$ cat start_16.csv   # CSV, C-alpha atoms
chain,number,residue,atom,x,y,z
A,7,MET,CA,-20.5,-4.7,0.4
A,8,GLN,CA,-20.5,-8.2,-1.1
A,9,VAL,CA,-17.2,-10.1,-1.1
A,10,VAL,CA,-16.7,-12.8,-3.8
A,11,HIS,CA,-13.7,-15.1,-3.9
A,12,GLY,CA,-12.6,-16.3,-7.2
A,13,TYR,CA,-13.9,-15.7,-10.7
A,14,ARG,CA,-15.8,-18.9,-11.4
A,15,ASP,CA,-19.5,-19.2,-10.4
A,16,PHE,CA,-19.7,-15.4,-10.2
A,17,PRO,CA,-23.1,-14.1,-8.9
A,18,ALA,CA,-25.5,-13.2,-11.7
A,19,GLY,CA,-26.6,-10.0,-10.0
A,20,LEU,CA,-23.1,-8.5,-10.4
A,21,GLU,CA,-22.6,-9.1,-14.1
A,22,ARG,CA,-21.9,-6.2,-16.5
A,23,SER,CA,-20.2,-4.3,-13.6
A,24,SER,CA,-17.8,-1.4,-13.8
A,25,LEU,CA,-14.7,-3.0,-12.3
A,26,ALA,CA,-11.5,-1.4,-10.9
A,27,ILE,CA,-8.5,-3.7,-11.0
A,28,GLY,CA,-5.3,-3.4,-9.0
A,29,ASN,CA,-3.4,-4.5,-5.9
A,30,PHE,CA,-4.6,-1.4,-3.9
A,31,ASP,CA,-1.9,-1.7,-1.3
A,32,GLY,CA,-2.7,1.2,1.0
A,33,VAL,CA,-5.8,2.3,-1.0
A,34,HIS,CA,-4.0,5.7,-1.4
A,35,ARG,CA,-5.3,8.8,-3.2
A,36,GLY,CA,-4.2,7.4,-6.6
A,37,HIS,CA,-6.2,4.2,-5.9
A,38,GLN,CA,-9.1,6.3,-4.7
A,39,ALA,CA,-9.2,8.2,-8.0
A,40,LEU,CA,-9.4,4.9,-9.8
A,41,LEU,CA,-12.2,3.6,-7.5
A,42,LEU,CA,-14.2,6.9,-7.8
A,43,ALA,CA,-14.0,6.7,-11.6
A,44,THR,CA,-15.3,3.2,-11.4
A,45,LEU,CA,-18.2,4.3,-9.2
A,46,ALA,CA,-19.1,7.2,-11.5
A,47,GLU,CA,-19.2,4.9,-14.6
A,48,ALA,CA,-21.2,2.3,-12.7
A,49,ARG,CA,-23.8,4.9,-11.6
A,50,ARG,CA,-24.0,6.3,-15.1
A,51,LEU,CA,-24.7,2.9,-16.5
A,52,LYS,CA,-26.9,1.9,-13.5
A,53,ARG,CA,-24.7,-1.2,-12.9
A,54,PRO,CA,-22.8,-2.5,-9.9
A,55,ALA,CA,-19.4,-1.1,-9.1
A,56,GLY,CA,-16.6,-3.5,-8.1
A,57,ALA,CA,-13.0,-3.8,-7.2
A,58,MET,CA,-10.8,-6.7,-8.1
A,59,VAL,CA,-7.9,-7.3,-5.7
A,60,PHE,CA,-5.2,-10.1,-5.9
A,61,GLU,CA,-4.4,-12.0,-2.7
A,62,PRO,CA,-1.6,-12.5,-1.9
A,63,HIS,CA,0.2,-9.6,-3.5
A,64,PRO,CA,1.9,-10.8,-6.6
A,65,ARG,CA,5.3,-9.8,-5.2
A,66,GLN,CA,4.7,-12.3,-2.3
A,67,PHE,CA,4.0,-15.0,-4.8
A,68,PHE,CA,7.1,-14.4,-7.0
A,69,ARG,CA,9.4,-13.7,-4.0
A,70,PRO,CA,8.1,-15.6,-1.0
A,71,ASP,CA,11.3,-15.4,0.9
A,72,GLU,CA,11.4,-11.6,0.7
A,73,PRO,CA,9.1,-10.0,3.3
A,74,LEU,CA,6.8,-7.4,1.8
A,75,PHE,CA,6.0,-4.2,3.7
A,76,ALA,CA,2.2,-4.5,3.1
A,77,LEU,CA,0.5,-1.2,3.9
A,78,THR,CA,-2.9,-2.9,4.3
A,79,THR,CA,-4.2,-6.3,5.0
A,80,LEU,CA,-6.9,-7.8,2.9
A,81,GLU,CA,-9.4,-7.0,5.7
A,82,GLU,CA,-8.3,-3.4,5.7
A,83,LYS,CA,-8.6,-3.0,2.0
A,84,LEU,CA,-12.1,-4.4,2.1
A,85,ARG,CA,-13.0,-2.0,4.9
A,86,LEU,CA,-11.8,1.0,2.8
A,87,PHE,CA,-13.6,-0.3,-0.3
A,88,ALA,CA,-16.8,-0.4,1.7
A,89,ALA,CA,-16.2,3.1,3.1
A,90,LEU,CA,-16.1,4.3,-0.6
A,91,GLU,CA,-19.5,2.5,-1.2
A,92,VAL,CA,-18.1,0.0,-3.7
A,93,ASP,CA,-20.8,-2.6,-4.2
A,94,PHE,CA,-18.6,-5.7,-4.3
A,95,ALA,CA,-15.0,-6.9,-4.1
A,96,ALA,CA,-13.7,-9.8,-6.2
A,97,VAL,CA,-10.8,-11.4,-4.3
A,98,ILE,CA,-8.7,-13.4,-6.8
A,99,ALA,CA,-6.1,-15.8,-5.6
A,100,PHE,CA,-2.8,-15.0,-7.2
A,101,ASP,CA,-1.4,-18.5,-7.8
A,102,ALA,CA,0.5,-20.3,-10.5
A,103,GLU,CA,-2.6,-20.4,-12.7
A,104,ILE,CA,-3.1,-16.7,-12.7
A,105,ALA,CA,0.6,-15.9,-12.9
A,106,GLY,CA,1.0,-18.1,-15.9
A,107,MET,CA,-1.9,-16.7,-17.9
A,108,PRO,CA,-1.0,-14.7,-21.1
A,109,PRO,CA,-2.7,-11.3,-21.1
A,110,ALA,CA,-5.3,-12.4,-23.7
A,111,THR,CA,-6.2,-15.5,-21.6
A,112,PHE,CA,-6.6,-13.5,-18.4
A,113,VAL,CA,-8.9,-10.9,-20.1
A,114,GLU,CA,-11.0,-13.6,-21.8
A,115,GLN,CA,-11.3,-16.2,-19.1
A,116,VAL,CA,-11.2,-14.1,-15.9
A,117,LEU,CA,-12.8,-10.8,-17.0
A,118,ALA,CA,-15.1,-11.6,-19.9
A,119,ASP,CA,-16.2,-15.2,-19.2
A,120,GLY,CA,-15.8,-15.3,-15.5
A,121,LEU,CA,-16.7,-11.9,-14.1
A,122,ARG,CA,-18.7,-10.9,-17.2
A,123,VAL,CA,-17.6,-7.3,-16.9
A,124,GLY,CA,-19.2,-4.3,-18.6
A,125,HIS,CA,-16.4,-1.8,-18.1
A,126,VAL,CA,-12.9,-1.9,-16.6
A,127,VAL,CA,-10.9,0.8,-14.9
A,128,VAL,CA,-7.1,0.5,-14.5
A,129,GLY,CA,-4.2,2.8,-13.6
A,130,TYR,CA,-1.6,4.1,-16.1
A,131,ASP,CA,1.0,1.7,-14.6
A,132,PHE,CA,-1.1,-1.5,-14.6
A,133,TYR,CA,0.7,-4.5,-16.0
A,134,PHE,CA,-0.8,-8.0,-16.2
A,135,GLY,CA,-0.5,-11.5,-17.5
A,136,LYS,CA,2.5,-13.8,-17.8
A,137,GLY,CA,5.7,-11.8,-17.6
A,138,ARG,CA,3.7,-8.6,-17.0
A,139,ALA,CA,3.3,-8.5,-20.8
A,140,GLY,CA,-0.1,-6.8,-20.7
A,141,THR,CA,-0.3,-3.0,-20.6
A,142,PRO,CA,-3.3,-0.6,-20.2
A,143,GLU,CA,-3.2,-0.3,-24.0
A,144,THR,CA,-3.4,-4.1,-24.3
A,145,MET,CA,-6.4,-4.1,-22.0
A,146,GLN,CA,-8.2,-1.5,-24.2
A,147,GLN,CA,-7.5,-3.5,-27.3
A,148,LEU,CA,-8.7,-6.8,-25.8
A,149,GLY,CA,-11.7,-5.2,-24.2
A,150,ALA,CA,-12.8,-3.7,-27.4
A,151,GLY,CA,-12.8,-7.1,-29.0
A,152,LEU,CA,-14.7,-8.7,-26.2
A,153,GLY,CA,-17.4,-6.0,-25.8
A,154,PHE,CA,-16.4,-4.0,-22.7
A,155,GLY,CA,-14.9,-0.5,-22.4
A,156,VAL,CA,-11.6,0.4,-20.6
A,157,THR,CA,-10.8,3.6,-18.8
A,158,VAL,CA,-7.1,4.3,-17.9
A,159,ILE,CA,-6.5,6.7,-15.0
A,160,ALA,CA,-3.6,9.1,-15.4
A,161,PRO,CA,-1.0,9.5,-12.5
A,162,GLN,CA,-2.5,11.3,-9.5
A,163,ALA,CA,-0.2,13.8,-7.8
A,164,GLU,CA,0.2,16.7,-5.5
A,165,ALA,CA,3.0,19.3,-5.5
A,166,GLY,CA,4.6,17.2,-8.3
A,167,GLU,CA,4.7,14.0,-6.3
A,168,VAL,CA,2.8,11.0,-7.7
A,169,PHE,CA,0.8,9.0,-5.1
A,170,SER,CA,2.2,5.5,-4.9
A,171,SER,CA,2.5,2.6,-2.5
A,172,SER,CA,6.3,2.8,-2.7
A,173,ALA,CA,6.3,6.4,-1.7
A,174,VAL,CA,4.1,5.7,1.3
A,175,ARG,CA,6.3,2.9,2.4
A,176,ALA,CA,9.4,5.1,2.1
A,177,ARG,CA,7.7,7.8,4.3
A,178,LEU,CA,6.7,5.3,6.9
A,179,SER,CA,10.1,3.8,7.0
A,180,ALA,CA,11.4,7.3,7.8
A,181,GLY,CA,8.8,7.7,10.5
A,182,ASP,CA,6.9,10.3,8.5
A,183,VAL,CA,3.4,9.1,9.3
A,184,ARG,CA,1.9,12.5,8.7
A,185,GLY,CA,3.4,12.6,5.1
A,186,ALA,CA,2.2,9.1,4.6
A,187,ALA,CA,-1.3,10.1,5.7
A,188,LYS,CA,-1.4,12.9,3.2
A,189,GLU,CA,-0.6,10.5,0.4
A,190,LEU,CA,-2.9,7.8,1.6
A,191,GLY,CA,-5.8,10.2,2.2
A,192,HIS,CA,-6.4,8.5,5.6
A,193,TRP,CA,-4.4,7.6,8.6
A,194,TRP,CA,-2.1,4.5,8.3
A,195,ARG,CA,-3.2,1.9,10.8
A,196,VAL,CA,-2.3,-1.6,12.1
A,197,SER,CA,-4.4,-4.0,14.1
A,198,GLY,CA,-3.7,-7.1,16.2
A,199,VAL,CA,-4.5,-9.0,19.3
A,200,VAL,CA,-3.0,-7.6,22.5
A,201,THR,CA,-0.4,-10.0,23.9
A,202,SER,CA,1.6,-10.1,27.1
A,203,GLY,CA,5.0,-8.5,27.0
A,204,ALA,CA,7.9,-8.0,29.4
A,205,ARG,CA,5.8,-5.7,31.6
A,206,ILE,CA,8.6,-3.2,31.7
A,207,GLY,CA,6.1,-0.4,31.1
A,208,THR,CA,3.8,-1.6,33.8
A,209,GLY,CA,6.7,-1.5,36.3
A,210,MET,CA,7.3,2.2,35.4
A,211,GLY,CA,3.7,3.2,35.7
A,212,PHE,CA,3.0,3.1,31.9
A,213,PRO,CA,1.3,-0.2,31.1
A,214,THR,CA,1.3,-0.9,27.4
A,215,ALA,CA,-0.8,-2.9,24.9
A,216,ASN,CA,1.6,-4.9,22.8
A,217,ILE,CA,0.7,-6.3,19.4
A,218,ARG,CA,2.8,-8.2,16.8
A,219,LEU,CA,3.2,-6.6,13.4
A,220,THR,CA,3.1,-8.6,10.2
A,221,PRO,CA,6.5,-9.6,8.8
A,222,GLY,CA,8.0,-7.0,6.5
A,223,VAL,CA,6.6,-3.9,8.3
A,224,SER,CA,9.4,-1.3,8.1
A,225,LEU,CA,8.2,1.5,10.3
A,226,GLY,CA,10.8,4.0,11.5
A,227,HIS,CA,11.8,3.4,15.1
A,228,GLY,CA,10.6,5.9,17.7
A,229,ILE,CA,7.7,7.3,19.6
A,230,TYR,CA,4.4,8.1,17.9
A,231,ALA,CA,1.1,9.9,18.8
A,232,VAL,CA,-1.6,7.4,18.0
A,233,ARG,CA,-5.3,6.8,18.3
A,234,VAL,CA,-6.4,3.4,19.5
A,235,GLY,CA,-9.7,1.9,18.4
A,236,LEU,CA,-11.3,-1.0,20.3
A,237,THR,CA,-14.7,-2.7,20.6
A,238,GLU,CA,-16.3,-3.0,24.0
A,239,PRO,CA,-18.0,-6.3,25.0
A,240,ASP,CA,-21.4,-4.6,24.5
A,241,GLY,CA,-20.4,-3.8,20.9
A,242,ARG,CA,-19.7,-0.1,21.4
A,243,ARG,CA,-16.7,1.3,19.5
A,244,ARG,CA,-14.2,3.5,21.4
A,245,LYS,CA,-11.3,5.5,20.1
A,246,LEU,CA,-8.7,6.6,22.7
A,247,GLN,CA,-5.5,8.7,22.5
A,248,GLY,CA,-2.2,7.2,23.2
A,249,ALA,CA,1.6,7.1,22.6
A,250,ALA,CA,3.2,4.2,20.9
A,251,TYR,CA,6.8,3.0,20.8
A,252,PHE,CA,8.2,0.9,18.0
A,253,GLY,CA,11.8,-0.2,18.3
A,254,GLN,CA,14.3,-2.5,19.8
A,255,ARG,CA,14.3,-1.1,23.4
A,256,PRO,CA,18.0,-0.2,23.4
A,257,THR,CA,17.8,0.8,27.1
A,258,PHE,CA,17.0,-2.8,28.0
A,259,ASP,CA,17.8,-5.5,25.5
A,260,ASN,CA,18.1,-4.2,21.9
A,261,GLY,CA,16.2,-7.2,20.7
A,262,ALA,CA,13.6,-7.7,18.0
A,263,PRO,CA,11.4,-4.6,17.2
A,264,VAL,CA,8.2,-4.4,19.3
A,265,LEU,CA,5.1,-2.2,19.2
A,266,GLU,CA,4.0,-1.0,22.6
A,267,THR,CA,1.2,1.4,23.1
A,268,PHE,CA,0.3,3.3,26.2
A,269,LEU,CA,-3.4,4.5,26.3
A,270,PHE,CA,-4.2,7.8,28.0
A,271,ASP,CA,-6.9,7.7,30.6
A,272,PHE,CA,-7.6,3.9,30.3
A,273,ASN,CA,-7.4,1.4,33.1
A,274,GLY,CA,-9.0,-1.7,31.6
A,275,ASP,CA,-7.6,-5.1,30.7
A,276,LEU,CA,-6.9,-5.5,26.9
A,277,TYR,CA,-5.1,-8.9,26.9
A,278,GLY,CA,-6.6,-11.1,24.2
A,279,ARG,CA,-8.6,-8.3,22.6
A,280,GLU,CA,-8.1,-6.9,19.1
A,281,ILE,CA,-7.2,-3.2,18.8
A,282,GLU,CA,-6.5,-0.8,15.9
A,283,ILE,CA,-3.6,1.6,16.1
A,284,GLU,CA,-3.8,4.8,14.0
A,285,PHE,CA,-0.5,6.6,13.5
A,286,VAL,CA,-1.0,10.4,13.6
A,287,ALA,CA,2.4,12.0,14.3
A,288,TYR,CA,6.0,11.3,15.0
A,289,VAL,CA,7.2,12.4,18.4
A,290,ARG,CA,10.9,11.6,18.5
A,291,PRO,CA,13.4,9.0,17.3
A,292,ASP,CA,14.4,6.0,19.5
A,293,GLN,CA,17.3,6.4,21.8
A,294,ARG,CA,19.1,4.7,24.7
A,295,PHE,CA,18.8,6.1,28.2
A,296,PRO,CA,21.3,5.7,31.1
A,297,GLY,CA,18.7,4.2,33.3
A,298,MET,CA,15.0,3.7,34.3
A,299,GLU,CA,14.6,7.1,36.0
A,300,ALA,CA,15.8,9.0,32.9
A,301,LEU,CA,13.5,7.0,30.7
A,302,MET,CA,10.5,7.6,32.9
A,303,VAL,CA,11.1,11.4,32.8
A,304,GLN,CA,11.3,11.2,29.0
A,305,ILE,CA,8.1,9.1,28.7
A,306,ASP,CA,6.2,11.8,30.7
A,307,LYS,CA,7.4,14.4,28.1
A,308,ASP,CA,6.6,12.1,25.2
A,309,CYS,CA,3.0,11.6,26.4
A,310,ALA,CA,2.5,15.3,26.9
A,311,ARG,CA,3.8,16.0,23.4
A,312,ALA,CA,1.7,13.2,21.9
A,313,LYS,CA,-1.5,14.7,23.4
A,314,GLU,CA,-0.6,18.1,21.9
A,315,LEU,CA,-0.1,16.6,18.5
A,316,LEU,CA,-3.3,14.6,18.6
A,317,ASP,CA,-5.3,17.6,19.7
A,318,ALA,CA,-3.8,19.6,16.9
A,319,ALA,CA,-4.5,16.9,14.3
A,320,ASP,CA,-8.2,17.0,15.3
A,321,ARG,CA,-8.4,20.7,14.3
A,322,GLU,CA,-6.8,20.5,10.8
A,323,HIS,CA,-7.7,19.2,7.4
A,324,LEU,CA,-4.9,17.0,6.2
A,325,PHE,CA,-6.4,14.8,3.5
A,326,GLY,CA,-6.9,17.0,0.5
A,327,GLY,CA,-10.6,16.2,0.2
A,328,SER,CA,-10.1,12.4,0.3
A,329,PRO,CA,-13.4,10.6,1.0
A,330,LEU,CA,-11.5,8.3,3.4
A,331,GLY,CA,-10.2,11.0,5.6
A,332,ARG,CA,-12.7,10.0,8.4
A,333,ALA,CA,-12.9,6.3,7.5

$ encode --input "start_16.csv" --output "structure tokens"
Amino acid sequence: MQVVHGYRDFPAGLERSSLAIGNFDGVHRGHQALLLATLAEARRLKRPAGAMVFEPHPRQFFRPDEPLFALTTLEEKLRLFAALEVDFAAVIAFDAEIAGMPPATFVEQVLADGLRVGHVVVGYDFYFGKGRAGTPETMQQLGAGLGFGVTVIAPQAEAGEVFSSSAVRARLSAGDVRGAAKELGHWWRVSGVVTSGARIGTGMGFPTANIRLTPGVSLGHGIYAVRVGLTEPDGRRRKLQGAAYFGQRPTFDNGAPVLETFLFDFNGDLYGREIEIEFVAYVRPDQRFPGMEALMVQIDKDCARAKELLDAADREHLFGGSPLGRA
């Protein structure tokens, strides 16, 4: 997949594309419906299929002092776009220029003159332009005048619940990673470089890989069954089972939240290496223990339960036919 930054000097080979537009935080099943419609239109017209994404998220631009619980980094969004076989991603810097454009200016300068689109696909709740004055109907009217069609995707739902980034964030904040995965159509994951911690786990016989989460992450505190992806020095990809703890370690210091992951059947050194942690199931909430011995007994139980949950997850079909279920 080709990645293009900005809308000026756009590659000639990508013109007249079918283009999905959105923030795509999480690339959940609603976003996937939008992207799949874009792909279908592009294949019908024998043109490239693209996705436009704003970076940073507009909310971070307008409220920089308010941490955003971003479900996916830009890198993760691009990975998921590529897994859907999108031809290109246009990454547009959301800055004062973009924020200040009236809807008509955005459509004319960015979409028509800059990206030279042939068709646009947006969601039913897509608002754009200065003051969020532009609506999907505005896009259709402006597109008709500038020579490109517009498809508006209706709300996507299951059991009466519309898929949305806000709903996924709420589930994760409650520790419901399984429910979040059903809405996402793929496992929620984080990545980072393993750093040295307090080595409390090592002292108890459970050495952990610690990574720092991005500001704003509001995952429920507790123990999780996880899969951990890593790349070996020879380039081989491995995925291991593990149990992760996210919380304030009330038994020890009740400090800032930390993410600590114990990998089953692994004895290597991970310091300085990047890993991906895929959250599969919630094991139990965080709690304070009277001492180290009681905590060690509980960790043994947590690991056994995490293994059961991971093995069970491998045997079920959770994602409702989402093409990203194995991404």

$ closest_residue --input "start_16.csv" --among "A:Glu280, A:Gly228, A:Gly106, A:Trp194" --to "A:Ile305" --atoms "all atoms listed in the file"
A:Gly228

$ atom_distance --input "start_16.csv" --atom1 "atom CA of A:Met7" --atom2 "atom CA of A:Asp31"
18.9 Å

$ atom_distance --input "start_16.csv" --atom1 "atom CA of A:Gln146" --atom2 "atom CA of A:Gly124"
12.7 Å

$ residues_around --input "start_16.csv" --residues "A:Val127" --least-positions-apart "6" --cutoff "6 Å" --atoms "all atoms listed in the file" --output "number ranges by chain"
A: 25-26, 156-158

$ residues_around --input "start_16.csv" --residues "A:Ala310" --least-positions-apart "6" --cutoff "10 Å" --atoms "all atoms listed in the file" --output "CSV table (one decimal) with C-alpha atoms, in the coordinates of the input"
chain,number,residue,atom,x,y,z
A,231,ALA,CA,1.1,9.9,18.8
A,249,ALA,CA,1.6,7.1,22.6
A,304,GLN,CA,11.3,11.2,29.0

$ residues_around --input "start_16.csv" --residues "stretch 235-243 of chain A" --least-positions-apart "4" --cutoff "8 Å" --atoms "only C-alpha atoms" --output "JSON list (two decimals) with C-alpha atoms, in the frame of the given file"
[["chain", "number", "residue", "atom", "x", "y", "z"],
["A", 280, "GLU", "CA", -8.10, -6.90, 19.10],
["A", 281, "ILE", "CA", -7.20, -3.20, 18.80],
["A", 282, "GLU", "CA", -6.50, -0.80, 15.90],
["A", 283, "ILE", "CA", -3.60, 1.60, 16.10],
["A", 284, "GLU", "CA", -3.80, 4.80, 14.00]]

$ atom_distance --input "start_16.csv" --atom1 "atom CA of A:Val234" --atom2 "atom CA of A:Gly198"
11.3 Å

$ closest_residue --input "start_16.csv" --among "A:Ala39, A:Ala18, A:Val232, A:Leu246" --to "A:Arg184" --atoms "all atoms listed in the file"
A:Val232

$ closest_residue --input "start_16.csv" --among "A:Pro291, A:Pro108, A:Pro73, A:Gly149" --to "A:Asp182" --atoms "all atoms listed in the file"
A:Pro291
